[in-house]
Amino acid sequence: MVIGTQRGGTSSLYKYLGRHPGVVPTLRKETEYFTRAYGEGERWYRGHFPLEMRRSVSRVVARRSLQTFEATPDYLVHPLAAQRAAALLPDARIVAMLRNPIDRAFSHYKHMVRLEFEKRSFEQAVAREPEDITPLLQLMASDPRYDATHFLRYSYLTRGHYAEQLRRWLDHYPEMLIVQSEEFYADTPRAFGQILEHLDLEPWQPTEFTNYSYVSAPPSDSGLPEHVRAELADYFRPYNDELYQLIDRDFGWDK
């Protein structure tokens with residue numbers, strides 16, 4: 001499972017993995033089963049994956065064991081997703097992609113504007129977030145039936161609290177792979193090779209590494225005022241430090 005983060009490159013990774021000859025992806029990228037669709041039940045979830053017959057034929061004809069996967073970025077941030085996943089898929093291999101939380105937050109905001117869910121300025125949205133979003137996170141943790149749609153749409157800053165989110169997953173999947181989004185795009189062939197190794201898949205590369213994570217224009221921080229970036233750098237610094245200590249790795253986002 002690719003569990004996140006949103007606006008961190010999961011769409012591109014889904015496309016690349018889905019074309020690997022030893023992999024069959026889900027019918028759609030995001031099943032959202034362990035977040036919004038958990039009430040649909042296990043049979044509904046398994047219906048998104050290839051039939052066992054197809055995997056059996058592949059073992060006989062192609063002499064290859066197929067793997068399958070899904071990619072739902074909301075899994076990383078949802079407080080109940082990790083324990084739900086571990087109960088059903090305790091042996092799954094997990095990949096998390098983490099992007100500079102400032103760039104991720106602004107990209108998330110622009111995405112919501114494109115979808116016409118967000119009418120406020122970025123500064124207004126992040127200023128209101130602690131007051132509007134924090135109580136919703138508490139509801140998500142305490143009420144399994146709570147509809148988290150509002151939280152998932154507007155959690156611009158909260159999604160960047162990576163250490164807290166990763167701890168929940170590391171408790172169940174201590175061998176999960178954490179990929180820095182900036183490194184993934186800076187040298188995609190090398191990063192993709194490391195992901196394949198983690199997933200125990202044979203080396204393979206697509207003909208080209210197209211960026212599928214944006215709609216009509218490459219991702220950028222265009223339009224983010226410098227004073228806002230400076231304020232967010234101060235805001236995220238303790239959260240980044242907590243992350244670096246947790247994974248024993250410094251991504252350099254504060255430099």
# chains A, B, ... in the order shown; residues from 1 in each chain; ligands from 1

call {"tool": "residues_around", "arguments": {"residues": "Gly193 in chain A", "least_positions_apart": "2", "cutoff": "12 Å", "atoms": "only C-alpha atoms", "output": "list in words"}}
result
Leu13, Tyr16, Leu17, His20, Val179, Phe184, Asp187, Thr188, Pro189, Arg190, Ala191, Ile195, Leu196, Glu197, His198, Leu199, Asp200, Leu201, Glu202, Pro203, Trp204, Gln205 and Pro206 of chain A

call {"tool": "write_last_selection", "arguments": {"atoms": "N, CA and C atoms", "output": "compact mmCIF listing (two decimals), in the first residue's frame"}}
result
# COMPACT_ATOMS: atom_id res chain seq x y z
N LEU A 13 3.73 7.49 -8.67
CA LEU A 13 4.19 6.18 -8.22
C LEU A 13 3.15 5.11 -8.55
N TYR A 16 3.60 4.22 -12.22
CA TYR A 16 4.83 3.46 -12.49
C TYR A 16 4.69 2.02 -11.99
N LEU A 17 4.25 1.85 -10.76
CA LEU A 17 4.11 0.50 -10.21
C LEU A 17 3.07 -0.31 -10.98
N HIS A 20 4.41 -2.20 -13.96
CA HIS A 20 5.43 -3.23 -13.76
C HIS A 20 4.85 -4.59 -14.17
N VAL A 179 9.90 7.53 1.63
CA VAL A 179 10.55 8.13 0.46
C VAL A 179 10.35 9.64 0.51
N PHE A 184 12.63 11.72 -4.88
CA PHE A 184 11.94 10.88 -5.86
C PHE A 184 11.91 11.56 -7.22
N ASP A 187 15.72 12.25 -8.83
CA ASP A 187 16.36 11.10 -9.46
C ASP A 187 15.37 9.93 -9.42
N THR A 188 14.36 10.01 -10.27
CA THR A 188 13.28 9.03 -10.23
C THR A 188 13.75 7.61 -10.51
N PRO A 189 14.61 7.37 -11.48
CA PRO A 189 15.03 5.98 -11.72
C PRO A 189 15.68 5.34 -10.49
N ARG A 190 16.52 6.07 -9.80
CA ARG A 190 17.17 5.50 -8.61
C ARG A 190 16.15 5.27 -7.49
N ALA A 191 15.28 6.27 -7.24
CA ALA A 191 14.29 6.14 -6.17
C ALA A 191 13.30 5.02 -6.47
N ILE A 195 12.36 1.50 -4.38
CA ILE A 195 11.00 1.08 -4.03
C ILE A 195 10.75 -0.35 -4.51
N LEU A 196 11.17 -0.67 -5.72
CA LEU A 196 11.01 -2.03 -6.23
C LEU A 196 11.74 -3.04 -5.36
N GLU A 197 12.93 -2.67 -4.91
CA GLU A 197 13.70 -3.56 -4.03
C GLU A 197 12.95 -3.80 -2.73
N HIS A 198 12.39 -2.74 -2.17
CA HIS A 198 11.63 -2.87 -0.92
C HIS A 198 10.43 -3.79 -1.11
N LEU A 199 9.81 -3.74 -2.28
CA LEU A 199 8.61 -4.53 -2.56
C LEU A 199 8.95 -5.92 -3.09
N ASP A 200 10.22 -6.23 -3.15
CA ASP A 200 10.68 -7.54 -3.64
C ASP A 200 10.21 -7.78 -5.07
N LEU A 201 10.31 -6.74 -5.90
CA LEU A 201 9.96 -6.83 -7.31
C LEU A 201 11.23 -6.78 -8.15
N GLU A 202 11.22 -7.47 -9.27
CA GLU A 202 12.40 -7.49 -10.12
C GLU A 202 12.66 -6.11 -10.72
N PRO A 203 13.91 -5.75 -10.97
CA PRO A 203 14.23 -4.44 -11.55
C PRO A 203 13.50 -4.23 -12.87
N TRP A 204 12.97 -3.04 -13.05
CA TRP A 204 12.21 -2.69 -14.26
C TRP A 204 12.03 -1.18 -14.27
N GLN A 205 11.96 -0.58 -15.46
CA GLN A 205 11.73 0.86 -15.58
C GLN A 205 10.75 1.11 -16.71
N PRO A 206 9.85 2.08 -16.57
CA PRO A 206 8.99 2.46 -17.70
C PRO A 206 9.83 3.17 -18.76

call {"tool": "residues_around", "arguments": {"residues": "range 123-133 of chain A", "least_positions_apart": "6", "cutoff": "10 Å", "atoms": "only C-alpha atoms", "output": "list in words"}}
result
Ala105, Phe106, Tyr109, His150, Phe151, Leu152, Tyr154, Ser155, Tyr156, Leu157, Thr158, Leu224, Pro225, Val228 and Leu232 of chain A

call {"tool": "write_last_selection", "arguments": {"atoms": "N, CA and C atoms", "output": "compact mmCIF listing (two decimals), in the first residue's frame"}}
result
# COMPACT_ATOMS: atom_id res chain seq x y z
N ALA A 105 1.37 21.72 1.61
CA ALA A 105 0.19 22.45 2.05
C ALA A 105 -0.32 23.40 0.96
N PHE A 106 0.60 24.11 0.32
CA PHE A 106 0.17 25.06 -0.71
C PHE A 106 -0.35 24.34 -1.95
N TYR A 109 -3.80 23.20 -1.11
CA TYR A 109 -4.71 24.33 -1.19
C TYR A 109 -5.09 24.64 -2.64
N HIS A 150 -14.67 16.59 5.36
CA HIS A 150 -14.31 17.99 5.60
C HIS A 150 -12.87 18.08 6.09
N PHE A 151 -12.50 17.22 7.01
CA PHE A 151 -11.13 17.22 7.52
C PHE A 151 -10.13 16.94 6.40
N LEU A 152 -10.39 15.93 5.61
CA LEU A 152 -9.45 15.52 4.58
C LEU A 152 -9.28 16.59 3.49
N TYR A 154 -9.50 19.97 4.01
CA TYR A 154 -8.97 21.25 4.46
C TYR A 154 -7.84 21.14 5.49
N SER A 155 -7.25 19.98 5.63
CA SER A 155 -6.18 19.79 6.62
C SER A 155 -4.82 20.13 6.01
N TYR A 156 -4.67 21.38 5.61
CA TYR A 156 -3.46 21.82 4.91
C TYR A 156 -2.21 21.69 5.77
N LEU A 157 -2.26 22.19 6.98
CA LEU A 157 -1.11 22.14 7.87
C LEU A 157 -1.02 20.81 8.60
N THR A 158 -2.15 20.30 9.04
CA THR A 158 -2.18 19.10 9.87
C THR A 158 -1.55 17.90 9.16
N LEU A 224 3.07 31.84 -3.58
CA LEU A 224 3.20 31.80 -2.13
C LEU A 224 4.11 32.94 -1.69
N PRO A 225 3.57 33.94 -0.99
CA PRO A 225 4.40 35.08 -0.56
C PRO A 225 5.54 34.63 0.34
N VAL A 228 4.80 34.48 4.05
CA VAL A 228 4.00 33.33 4.45
C VAL A 228 4.88 32.09 4.54
N LEU A 232 5.47 29.80 7.86
CA LEU A 232 5.22 28.35 7.86
C LEU A 232 6.50 27.57 8.17

call {"tool": "closest_residue", "arguments": {"among": "A:Ala85, A:Phe122, A:Thr207, A:Ala230", "to": "Ser107 in chain A", "atoms": "only C-alpha atoms"}}
result
A:Phe122

call {"tool": "atom_distance", "arguments": {"atom1": "CA of Tyr212 in chain A", "atom2": "CA of Ser11 in chain A"}}
result
5.8 Å

call {"tool": "select_by_dssp", "arguments": {"residues": "range 34-232 of chain A", "states": "strand (DSSP E)", "output": "VMD selection string"}}
result
chain A and resid 67 to 69 95 to 98 177 to 180

call {"tool": "write_last_selection", "arguments": {"atoms": "C-alpha atoms", "output": "compact mmCIF listing (two decimals), in the first residue's frame"}}
result
# COMPACT_ATOMS: atom_id res chain seq x y z
CA GLN A 67 1.61 -8.60 -6.63
CA THR A 68 -1.19 -6.10 -6.25
CA PHE A 69 -1.47 -2.77 -4.47
CA VAL A 95 5.41 2.94 1.19
CA ALA A 96 5.00 6.52 2.40
CA MET A 97 6.07 9.53 0.35
CA LEU A 98 6.79 12.72 2.30
CA LEU A 177 9.69 2.46 3.36
CA ILE A 178 9.75 6.25 3.67
CA VAL A 179 10.55 8.13 0.46
CA GLN A 180 11.31 11.85 0.27

call {"tool": "select_by_dssp", "arguments": {"residues": "range 96-159 of chain A", "states": "alpha helix (DSSP H)", "output": "JSON, numbers by chain"}}
result
{"A": [101, 102, 103, 104, 105, 106, 107, 108, 109, 110, 111, 112, 113, 114, 122, 123, 124, 125, 126, 127, 128, 129, 130, 131, 132, 133, 134, 135, 136, 137, 138, 139, 140, 141, 142, 149, 150, 151, 152, 153, 154]}

call {"tool": "residues_around", "arguments": {"residues": "Met176 in chain A", "least_positions_apart": "3", "cutoff": "7 Å", "atoms": "only C-alpha atoms", "output": "mmCIF file with C-alpha atoms, in the first residue's frame"}}
result
data_model
loop_
_atom_site.group_PDB
_atom_site.id
_atom_site.type_symbol
_atom_site.label_atom_id
_atom_site.label_comp_id
_atom_site.auth_asym_id
_atom_site.auth_seq_id
_atom_site.Cartn_x
_atom_site.Cartn_y
_atom_site.Cartn_z
ATOM 1 C CA ARG A 93 4.434 -3.768 2.526
ATOM 2 C CA ILE A 94 3.990 -0.058 3.057
ATOM 3 C CA VAL A 95 5.409 2.939 1.190
ATOM 4 C CA LEU A 170 5.416 2.097 12.315
ATOM 5 C CA TYR A 173 4.669 -1.971 9.989
#

call {"tool": "decode", "arguments": {"residues": "range 86-157 of chain A", "atoms": "C-alpha atoms", "output": "compact mmCIF listing (two decimals), in the first residue's frame"}}
result
# COMPACT_ATOMS: atom_id res chain seq x y z
CA ALA A 86 -3.02 -4.09 10.16
CA ALA A 87 -6.09 -6.07 11.22
CA LEU A 88 -6.84 -7.09 7.63
CA LEU A 89 -3.41 -6.99 5.96
CA PRO A 90 -0.75 -7.53 8.64
CA ASP A 91 1.90 -8.60 6.10
CA ALA A 92 1.41 -5.77 3.60
CA ARG A 93 4.43 -3.77 2.53
CA ILE A 94 3.99 -0.06 3.06
CA VAL A 95 5.41 2.94 1.19
CA ALA A 96 5.00 6.52 2.40
CA MET A 97 6.07 9.53 0.35
CA LEU A 98 6.79 12.72 2.30
CA ARG A 99 7.04 16.17 0.74
CA ASN A 100 8.22 19.44 2.28
CA PRO A 101 5.12 20.29 4.34
CA ILE A 102 5.08 23.91 3.18
CA ASP A 103 5.01 22.99 -0.50
CA ARG A 104 2.61 20.14 0.22
CA ALA A 105 0.19 22.45 2.05
CA PHE A 106 0.17 25.06 -0.71
CA SER A 107 -0.22 22.43 -3.43
CA HIS A 108 -3.10 20.91 -1.44
CA TYR A 109 -4.71 24.33 -1.19
CA LYS A 110 -4.40 25.00 -4.94
CA HIS A 111 -5.87 21.57 -5.63
CA MET A 112 -8.92 22.39 -3.50
CA VAL A 113 -9.27 25.73 -5.33
CA ARG A 114 -9.20 23.94 -8.71
CA LEU A 115 -11.93 21.58 -7.48
CA GLU A 116 -13.92 24.64 -6.25
CA PHE A 117 -14.05 23.39 -2.66
CA GLU A 118 -11.95 26.29 -1.38
CA LYS A 119 -12.92 29.97 -1.74
CA ARG A 120 -10.66 31.53 0.90
CA SER A 121 -7.15 32.85 0.45
CA PHE A 122 -4.36 30.51 1.52
CA GLU A 123 -3.51 32.76 4.47
CA GLN A 124 -7.13 32.78 5.64
CA ALA A 125 -7.42 29.01 5.29
CA VAL A 126 -4.31 28.14 7.30
CA ALA A 127 -5.08 30.79 9.93
CA ARG A 128 -8.46 29.15 10.58
CA GLU A 129 -7.23 25.57 10.41
CA PRO A 130 -6.29 24.93 14.06
CA GLU A 131 -9.70 26.14 15.19
CA ASP A 132 -11.68 24.39 12.45
CA ILE A 133 -9.77 21.15 11.92
CA THR A 134 -8.34 20.01 15.27
CA PRO A 135 -11.76 19.11 16.75
CA LEU A 136 -12.51 17.05 13.62
CA LEU A 137 -9.33 15.04 14.10
CA GLN A 138 -10.48 14.19 17.61
CA LEU A 139 -13.86 13.08 16.24
CA MET A 140 -12.18 10.86 13.67
CA ALA A 141 -10.18 9.14 16.40
CA SER A 142 -13.16 8.60 18.70
CA ASP A 143 -16.01 7.85 16.28
CA PRO A 144 -15.33 5.18 13.61
CA ARG A 145 -18.48 6.22 11.74
CA TYR A 146 -17.54 9.89 11.48
CA ASP A 147 -17.46 11.22 7.90
CA ALA A 148 -13.98 12.72 7.61
CA THR A 149 -14.51 14.43 4.23
CA HIS A 150 -14.31 17.99 5.60
CA PHE A 151 -11.13 17.22 7.52
CA LEU A 152 -9.45 15.52 4.58
CA ARG A 153 -10.19 18.43 2.26
CA TYR A 154 -8.97 21.25 4.46
CA SER A 155 -6.18 19.79 6.62
CA TYR A 156 -3.46 21.82 4.91
CA LEU A 157 -1.11 22.14 7.87
